[in-house]
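Visitor: Below is the structure I would like to discuss, written out as structure tokens.
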Amino acid sequence: MAAGGRAWFCTLALGVSLLKGLLIPAYYSTDFEVHRNWLAITHNLPLSQWYYEATSEWTLDYPPFFAWFEYALSHVAKYFDPQMLVIENLNYTSHATIFFQRLSVIFTDILFIYAVHECCRCVNGKRAAKDILEKPTFILAVLLLWNFGLLIVDHIHFQYNGFLFGLMLLSVARLCQKRYLEGALLFTVLLHFKHIYMYVAPAYGIYLLRSYCFTANNADGSLKWRSFSFLHVTLLGLIVCLVSALSLGPFLVLGQLPQVISRLFPFKRGLCHAYWAPNFWALYNAMDKALTILGLKCNFLDHTKIPKASMTGGLVQEFQHTVLPSVTPLTTLICTLIAILPSVFCLWFKPQGPRGFLQCLVLCALSSFMFGWHVHEKAILLAILPLSLLSVQRAKDAGIYLILTTTGHFSLFPLLFTPPELPIKILLMLLFTVYSFSSLKSLFRREKPLLNWLETIYLIQLVPLEIFCEIIFPLTSWKWHFPFVPLLLTSVYCALGVTYAWLKLYVSVLTERIPVRQKAE
């Protein structure tokens with residue numbers, strides 16, 4: 001970026017950092033206690049006990065690099081309030097503790113800010129604009145730095161997603177810059193911070209194999225098999241093995257690797273979270289509930305044999321479906337792999353360079369979100385953030401981005417259920433959504449409308465849905481008899497939008513024709 005570019009970028013970064021500071025006194029979820037407990041565990045106990053400690057129900061269930069991250073933070077935390085580092089101090093929330101944990105999220109976001117800066121350097125600058133506000137790099141910087149979902153999840157709800165997404169975006173930027181080994185290293189490190197990023201590992205693996213391990217294409221774009229580089233494969237393998245050894249090696253030596261794995265993959269938590277993520281299984285659960293009600297009214301089912309509030313009890317545990325077949329972890333794995341395969345094949349057989357990699361990455365993230373086991377609603381950000389890079393480069397992708405980001409962000413509303421946060425989330429959502437629509441519409445004003453009339457109507461209906469869930473429903477008697485209805489409606493309605501965006505992106509990728517010259521490159 002030029003000097004002028006650095007000025008506006010720094011202004012955007014400083015502005016969002018100040019906003020994060022204003023959110024310090026806001027509501028925080030149980031994740032606040034989760035991370036306080038992890039600070040205490042890693043600070044007080046030897047390594048051999050980190051993944052066995054169970055004083056709190058919020059046991060350590062992230063990979064070792066994140067545990068070491070908490071260990072490092074704990075040595076700063078002791079200067080704010082040593083009591084937060086006492087394992088037995090469950091739900092401890094002094095003012096100093098709140099300030100430190102909030103500040104630690106803001107500080108570690110520096111990596112995210114740097115990663116966004118690097119991604120902006122990778123954006124195709126063919127769309128020249130005299131006004132800085134209409135430049136793709138400026139729009140992308142706002143869409144990433146001021147992302148509504150990341151703001152409320154990290155700086156109100158409370159988590160450390162910012163610096164983790166920073167690692168991911170920085171790895172994407174390095175791959176776009178053809179610094180393949182750096183990109184591979186960053187992504188491997190990221191996997192050992194948070195294993196949810198395994199969702200997009202196929203995109204990284206295939207892209208590195210296609211673009212780095214094979215060094216040339218034929219004139220028609222097909223792979224030149226003789227260009228395979230054993231040296232490049234060896235270097236990638238060394239990176240993966242060395243990082244994995246550094247992360248998991250100590251636990252392998254201690255004979256605790258099975259215990260670590262059992263903490264990282266707790267399959268007994270059930271198919272869905274307490275609040276259903278807006279994916280295929282939300283629609284599947286809703287269909288099962290509808291068929292159950294219909295079966296009871298038609299006397300096809302015995303009400304005495306149906307568990308009360310089986311899938312809508314708001315609990316995190318395993319449940320059985322009543323009418324439709326119950327879903328196992330293996331079923332979700334098979335569905336996820338089947339959903340991912342077409343995008344991976346496209347990345348291999350229809351190479352488009354960094355653009356094709358980003359499309360595959362987004363589709364892998366969305367496919368895993370759609371069919372994964374015990375998916376959290378926050379995982380939608382794994383698709384929204386990288387899709388931002390595509391949205392400023394092509395109108396078709398911009399339209400998909402608007403659908404996905406609006407429905408995906410709206411589905412996060414139930415995370416903030418306290419009255420004081422209601423105007424905050426609505427205002428921030430409105431500001432981000434209005435900017436997204438207006439900026440992308442201006443960027444592609446010479447092309448056809450980004451959304452058709454049916455898509456527009458669908459998104460507009462989110463407004464009456466929010467009014468019903470937040471204002472009308474609490475005033476009715478249904479609140480006591482059917483407390484899960486607002487969550488169910490939000491999840492199912494948003495699932496329709498997310499599913500549509502996923503399918504539309506897939507159709508776009510599968511039907512896109514690639515010029516022979518681009519294939520060869």
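In the structure tokens, the first chain shown is A, the next is B, and so on; residue numbers restart at 1 for each chain, and ligands run from 1 in the order shown.
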Give me the residues near segment 192-194 of chain A as a ChimeraX atom specification, where near means some atom within 9 Å (using only C-alpha atoms) and where sequence neighbours in that chain fewer than 5 positions away do not count.

Guide: /A:62-67,69,164,187,243-244,247-248

Visitor: What would the file look like if the residues just selected were written as a tab-separated table (two decimals), in the first residue's frame with C-alpha atoms?

Guide:
chain	number	residue	atom	x	y	z
A	62	TYR	CA	-8.38	-26.86	22.52
A	63	PRO	CA	-5.10	-28.08	20.95
A	64	PRO	CA	-1.78	-27.62	22.80
A	65	PHE	CA	-0.69	-24.39	21.09
A	66	PHE	CA	-3.77	-22.65	22.45
A	67	ALA	CA	-3.03	-24.08	25.89
A	69	PHE	CA	-1.13	-19.31	24.56
A	164	LEU	CA	-6.92	-17.13	14.88
A	187	PHE	CA	-1.92	-22.89	8.52
A	243	VAL	CA	4.95	-28.35	13.98
A	244	SER	CA	2.93	-31.42	14.97
A	247	SER	CA	2.60	-29.42	19.63
A	248	LEU	CA	1.73	-33.05	20.34

Visitor: Work out how far atom CA of Leu257 of chain A is from atom CA of Val105 of chain A, in Å to one decimal.

Guide: 29.1 Å

Visitor: Could you pull out all residues of segment 265-500 of chain A with a DSSP call of alpha helix (DSSP H) and give them as an MDAnalysis selection string?

Guide: chainID A and resid 280:297 329:349 354:371 381:391 395:410 422:443 453:460 462:467 478:481 485:500

Visitor: Please measure the separation of atom CA of Met168 of chain A and atom CA of Gly183 of chain A, giving the value in Å to one decimal.

Guide: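 Computed distance, atom CA of Met168 of chain A to atom CA of Gly183 of chain A, equals 8.8 Å.
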
Visitor: Excluding segment 114-125 of chain A and its own-chain neighbours fewer than 2 positions away, which residues fall within 8 Å of it when counting only C-alpha atoms? Please give them as a VMD selection string.

Guide: chain A and resid 1 9 110 to 112 127 to 128 136 to 138 140 to 141 144 to 145 166 to 167 169 to 170 172 to 173 176 to 177 389 393

Visitor: What is the atom CA of Asn147 of chain A-atom CA of Arg179 of chain A distance in Å, reported with one decimal?

Guide: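 Atom CA of Arg179 of chain A lies at a distance of 26.8 Å from atom CA of Asn147 of chain A.
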
Visitor: Name the residues in contact with Phe251 of chain A at a cut-off of 10 Å, using only C-alpha atoms, excluding same-chain residues fewer than 3 positions from it; report them as a list in words.

Guide: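 Counting only the stated atoms, we get Leu47, Ser48, Tyr51, Pro64, Ala245, Leu246, Ser247, Leu248, Leu254, Gly255, Gln256, Leu257, Pro258, Gln259 and Val260 of chain A.
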
Visitor: Write the residues you've just listed into a file as a PDB file, in the first residue's frame, and include C-alpha atoms for each of them.

Guide:
ATOM      1  CA  LEU A  47       1.807 -30.074  31.538  1.00  0.00           C
ATOM      2  CA  SER A  48       0.893 -33.669  32.395  1.00  0.00           C
ATOM      3  CA  TYR A  51      -5.915 -32.310  29.810  1.00  0.00           C
ATOM      4  CA  PRO A  64      -1.779 -27.621  22.802  1.00  0.00           C
ATOM      5  CA  ALA A 245       5.872 -32.804  16.941  1.00  0.00           C
ATOM      6  CA  LEU A 246       6.298 -29.501  18.751  1.00  0.00           C
ATOM      7  CA  SER A 247       2.595 -29.418  19.627  1.00  0.00           C
ATOM      8  CA  LEU A 248       1.731 -33.052  20.341  1.00  0.00           C
ATOM      9  CA  LEU A 254       3.781 -38.795  28.367  1.00  0.00           C
ATOM     10  CA  GLY A 255       1.437 -41.365  26.832  1.00  0.00           C
ATOM     11  CA  GLN A 256      -1.437 -38.872  26.985  1.00  0.00           C
ATOM     12  CA  LEU A 257      -2.199 -38.435  23.288  1.00  0.00           C
ATOM     13  CA  PRO A 258      -5.467 -40.470  23.480  1.00  0.00           C
ATOM     14  CA  GLN A 259      -6.623 -38.234  26.350  1.00  0.00           C
ATOM     15  CA  VAL A 260      -5.854 -35.089  24.353  1.00  0.00           C
TER      16      VAL A 260
END

Visitor: Which polymer residues have any atom within 8 Å of an atom of segment 57-60 of chain A, counting only C-alpha atoms, with same-chain residues fewer than 3 positions away left out, as a list in words?

Guide: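 That gives Glu33, Val34, Asn37, Trp38, Trp50, Tyr51, Glu53, Ala54, Ala67 and Arg263 of chain A.
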
Visitor: Okay, now the selection with N, CA and C atoms, as a tab-separated table (two decimals), in the first residue's frame?

Guide:
chain	number	residue	atom	x	y	z
A	33	GLU	N	-15.69	-17.48	31.47
A	33	GLU	CA	-15.24	-18.37	32.54
A	33	GLU	C	-14.40	-19.52	31.99
A	34	VAL	N	-14.74	-19.99	30.79
A	34	VAL	CA	-13.96	-21.05	30.14
A	34	VAL	C	-12.49	-20.63	30.05
A	37	ASN	N	-10.71	-20.19	33.40
A	37	ASN	CA	-10.34	-21.48	33.96
A	37	ASN	C	-9.10	-22.05	33.27
A	38	TRP	N	-9.00	-21.84	31.96
A	38	TRP	CA	-7.82	-22.33	31.23
A	38	TRP	C	-6.56	-21.56	31.64
A	50	TRP	N	-2.77	-30.91	32.36
A	50	TRP	CA	-3.61	-29.93	31.67
A	50	TRP	C	-4.88	-30.55	31.09
A	51	TYR	N	-4.76	-31.70	30.48
A	51	TYR	CA	-5.92	-32.31	29.81
A	51	TYR	C	-6.64	-33.35	30.68
A	53	GLU	N	-7.37	-32.19	34.21
A	53	GLU	CA	-8.02	-31.35	35.22
A	53	GLU	C	-9.50	-31.16	34.92
A	54	ALA	N	-10.36	-31.38	35.93
A	54	ALA	CA	-11.81	-31.32	35.71
A	54	ALA	C	-12.55	-30.71	36.89
A	67	ALA	N	-3.30	-23.93	24.46
A	67	ALA	CA	-3.03	-24.08	25.89
A	67	ALA	C	-1.78	-23.29	26.27
A	263	ARG	N	-10.44	-35.13	24.36
A	263	ARG	CA	-10.90	-33.79	24.74
A	263	ARG	C	-11.20	-32.95	23.50

Visitor: Neighbours of Val240 of chain A within 10 Å (only C-alpha atoms; same-chain residues fewer than 5 positions away dropped), as a ChimeraX atom specification?

Guide: /A:184-185,187-189,234-235,245

Visitor: Counting only C-alpha atoms, give me one row per residue of segment 353-465 of chain A with an atom at most 10 Å from an atom of segment 481-500 of chain A, showing the shortest contact pair and its distance in Å to one decimal, sorted by chain then residue number, as CSV.

Guide:
residue,atom,partner,partner_atom,distance
A:Leu366,CA,A:Val498,CA,8.4
A:Ser367,CA,A:Thr499,CA,9.4
A:Phe369,CA,A:Val498,CA,9.6
A:Met370,CA,A:Thr499,CA,7.5
A:Glu377,CA,A:Ser491,CA,9.0
A:Ile380,CA,A:Val498,CA,8.9
A:Ile400,CA,A:Tyr500,CA,8.9
A:Ile403,CA,A:Gly497,CA,6.7
A:Leu404,CA,A:Val498,CA,5.7
A:Thr405,CA,A:Val498,CA,8.8
A:Thr406,CA,A:Gly497,CA,8.8
A:Thr407,CA,A:Cys494,CA,5.3
A:Gly408,CA,A:Val498,CA,6.8
A:His409,CA,A:Cys494,CA,9.3
A:Phe410,CA,A:Cys494,CA,7.5
A:Ser411,CA,A:Cys494,CA,6.1
A:Leu412,CA,A:Thr490,CA,9.3
A:Phe413,CA,A:Thr490,CA,8.8
A:Pro414,CA,A:Leu487,CA,7.0
A:Glu455,CA,A:Gly497,CA,8.8
A:Tyr458,CA,A:Gly497,CA,8.0
A:Leu459,CA,A:Gly497,CA,8.3
A:Gln461,CA,A:Tyr493,CA,9.5
A:Leu462,CA,A:Tyr493,CA,8.4
A:Leu465,CA,A:Thr490,CA,7.5

Visitor: Please dump the current selection as a short mmCIF file (atom, residue, chain, number, x, y, z; two decimals), in the first residue's frame; keep C-alpha atoms.

Guide:
data_model
loop_
_atom_site.label_atom_id
_atom_site.label_comp_id
_atom_site.auth_asym_id
_atom_site.auth_seq_id
_atom_site.Cartn_x
_atom_site.Cartn_y
_atom_site.Cartn_z
CA LEU A 366 -19.67 -24.05 4.21
CA SER A 367 -19.95 -27.79 3.50
CA PHE A 369 -20.86 -26.07 8.51
CA MET A 370 -23.82 -27.58 6.68
CA GLU A 377 -23.40 -21.08 14.93
CA ILE A 380 -20.27 -19.48 9.88
CA ILE A 400 -23.62 -14.53 -2.63
CA ILE A 403 -26.93 -13.33 1.28
CA LEU A 404 -24.54 -15.37 3.38
CA THR A 405 -23.27 -12.55 5.56
CA THR A 406 -26.74 -11.15 6.28
CA THR A 407 -28.30 -14.49 7.23
CA GLY A 408 -25.14 -15.75 8.93
CA HIS A 409 -24.79 -12.63 11.05
CA PHE A 410 -28.49 -12.58 11.90
CA SER A 411 -28.20 -16.18 13.12
CA LEU A 412 -25.71 -14.93 15.74
CA PHE A 413 -28.32 -12.68 17.39
CA PRO A 414 -29.38 -15.32 19.97
CA GLU A 455 -33.47 -12.94 -2.64
CA TYR A 458 -36.11 -13.22 1.72
CA LEU A 459 -33.60 -10.88 3.38
CA GLN A 461 -38.27 -10.84 6.01
CA LEU A 462 -35.52 -10.98 8.63
CA LEU A 465 -38.75 -12.17 12.25
#

Visitor: For Arg446 of chain A, find every residue with an atom within 12 Å (counting only C-alpha atoms), except residues of its own chain fewer than 3 positions away, and show them as a list in words.

Guide: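 Contacts, in chain order: Arg127, Arg394, Ala395, Leu440, Lys441, Ser442, Leu443, Pro449 and Leu450 of chain A.
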
Visitor: How about saving the chosen residues, all heavy atoms kept, as a PDB file, in the first residue's frame?

Guide:
ATOM      1  N   ARG A 127     -10.099  -2.455 -10.924  1.00  0.00           N
ATOM      2  CA  ARG A 127     -11.213  -1.509 -10.842  1.00  0.00           C
ATOM      3  C   ARG A 127     -10.716  -0.195 -10.248  1.00  0.00           C
ATOM      4  O   ARG A 127     -10.747  -0.005  -9.041  1.00  0.00           O
ATOM      5  CB  ARG A 127     -12.354  -2.083  -9.996  1.00  0.00           C
ATOM      6  CG  ARG A 127     -13.057  -3.256 -10.664  1.00  0.00           C
ATOM      7  CD  ARG A 127     -14.186  -3.772  -9.813  1.00  0.00           C
ATOM      8  NE  ARG A 127     -14.920  -4.811 -10.503  1.00  0.00           N
ATOM      9  CZ  ARG A 127     -15.921  -4.610 -11.323  1.00  0.00           C
ATOM     10  NH1 ARG A 127     -16.317  -3.376 -11.570  1.00  0.00           N
ATOM     11  NH2 ARG A 127     -16.537  -5.609 -11.921  1.00  0.00           N
ATOM     12  N   ARG A 394     -15.754  -9.770  -7.915  1.00  0.00           N
ATOM     13  CA  ARG A 394     -16.712 -10.186  -8.943  1.00  0.00           C
ATOM     14  C   ARG A 394     -18.128 -10.014  -8.428  1.00  0.00           C
ATOM     15  O   ARG A 394     -18.430 -10.328  -7.272  1.00  0.00           O
ATOM     16  CB  ARG A 394     -16.465 -11.647  -9.343  1.00  0.00           C
ATOM     17  CG  ARG A 394     -17.097 -12.014 -10.659  1.00  0.00           C
ATOM     18  CD  ARG A 394     -16.702 -13.409 -11.081  1.00  0.00           C
ATOM     19  NE  ARG A 394     -17.254 -14.429 -10.198  1.00  0.00           N
ATOM     20  CZ  ARG A 394     -17.372 -15.712 -10.518  1.00  0.00           C
ATOM     21  NH1 ARG A 394     -16.958 -16.130 -11.701  1.00  0.00           N
ATOM     22  NH2 ARG A 394     -17.865 -16.577  -9.667  1.00  0.00           N
ATOM     23  N   ALA A 395     -19.019  -9.491  -9.267  1.00  0.00           N
ATOM     24  CA  ALA A 395     -20.391  -9.187  -8.852  1.00  0.00           C
ATOM     25  C   ALA A 395     -21.142 -10.430  -8.380  1.00  0.00           C
ATOM     26  O   ALA A 395     -21.900 -10.378  -7.403  1.00  0.00           O
ATOM     27  CB  ALA A 395     -21.145  -8.520 -10.002  1.00  0.00           C
ATOM     28  N   LEU A 440     -20.778  -2.478  -2.054  1.00  0.00           N
ATOM     29  CA  LEU A 440     -20.660  -3.464  -3.137  1.00  0.00           C
ATOM     30  C   LEU A 440     -21.544  -3.085  -4.326  1.00  0.00           C
ATOM     31  O   LEU A 440     -21.173  -3.322  -5.489  1.00  0.00           O
ATOM     32  CB  LEU A 440     -21.014  -4.859  -2.621  1.00  0.00           C
ATOM     33  CG  LEU A 440     -20.013  -5.448  -1.609  1.00  0.00           C
ATOM     34  CD1 LEU A 440     -20.505  -6.776  -1.065  1.00  0.00           C
ATOM     35  CD2 LEU A 440     -18.639  -5.620  -2.243  1.00  0.00           C
ATOM     36  N   LYS A 441     -22.700  -2.489  -4.039  1.00  0.00           N
ATOM     37  CA  LYS A 441     -23.564  -2.018  -5.124  1.00  0.00           C
ATOM     38  C   LYS A 441     -22.864  -0.915  -5.916  1.00  0.00           C
ATOM     39  O   LYS A 441     -22.912  -0.883  -7.162  1.00  0.00           O
ATOM     40  CB  LYS A 441     -24.885  -1.506  -4.563  1.00  0.00           C
ATOM     41  CG  LYS A 441     -25.860  -1.030  -5.628  1.00  0.00           C
ATOM     42  CD  LYS A 441     -27.153  -0.521  -5.000  1.00  0.00           C
ATOM     43  CE  LYS A 441     -28.107  -0.006  -6.060  1.00  0.00           C
ATOM     44  NZ  LYS A 441     -29.368   0.520  -5.455  1.00  0.00           N
ATOM     45  N   SER A 442     -22.190  -0.023  -5.218  1.00  0.00           N
ATOM     46  CA  SER A 442     -21.447   1.056  -5.881  1.00  0.00           C
ATOM     47  C   SER A 442     -20.263   0.498  -6.669  1.00  0.00           C
ATOM     48  O   SER A 442     -19.976   0.948  -7.787  1.00  0.00           O
ATOM     49  CB  SER A 442     -20.953   2.058  -4.832  1.00  0.00           C
ATOM     50  OG  SER A 442     -20.145   3.047  -5.430  1.00  0.00           O
ATOM     51  N   LEU A 443     -19.604  -0.507  -6.106  1.00  0.00           N
ATOM     52  CA  LEU A 443     -18.440  -1.094  -6.765  1.00  0.00           C
ATOM     53  C   LEU A 443     -18.814  -1.762  -8.090  1.00  0.00           C
ATOM     54  O   LEU A 443     -18.070  -1.690  -9.072  1.00  0.00           O
ATOM     55  CB  LEU A 443     -17.780  -2.113  -5.825  1.00  0.00           C
ATOM     56  CG  LEU A 443     -16.484  -2.774  -6.307  1.00  0.00           C
ATOM     57  CD1 LEU A 443     -15.387  -1.738  -6.510  1.00  0.00           C
ATOM     58  CD2 LEU A 443     -16.029  -3.837  -5.307  1.00  0.00           C
ATOM     59  N   PRO A 449     -28.026  -6.081 -11.161  1.00  0.00           N
ATOM     60  CA  PRO A 449     -28.230  -6.048  -9.710  1.00  0.00           C
ATOM     61  C   PRO A 449     -27.629  -7.273  -9.021  1.00  0.00           C
ATOM     62  O   PRO A 449     -27.653  -8.385  -9.559  1.00  0.00           O
ATOM     63  CB  PRO A 449     -29.753  -6.023  -9.567  1.00  0.00           C
ATOM     64  CG  PRO A 449     -30.237  -5.408 -10.836  1.00  0.00           C
ATOM     65  CD  PRO A 449     -29.283  -5.871 -11.904  1.00  0.00           C
ATOM     66  N   LEU A 450     -27.091  -7.050  -7.830  1.00  0.00           N
ATOM     67  CA  LEU A 450     -26.426  -8.125  -7.102  1.00  0.00           C
ATOM     68  C   LEU A 450     -27.407  -9.186  -6.623  1.00  0.00           C
ATOM     69  O   LEU A 450     -27.054 -10.361  -6.497  1.00  0.00           O
ATOM     70  CB  LEU A 450     -25.647  -7.551  -5.913  1.00  0.00           C
ATOM     71  CG  LEU A 450     -24.556  -6.524  -6.263  1.00  0.00           C
ATOM     72  CD1 LEU A 450     -23.857  -6.039  -4.999  1.00  0.00           C
ATOM     73  CD2 LEU A 450     -23.534  -7.123  -7.224  1.00  0.00           C
TER      74      LEU A 450
END
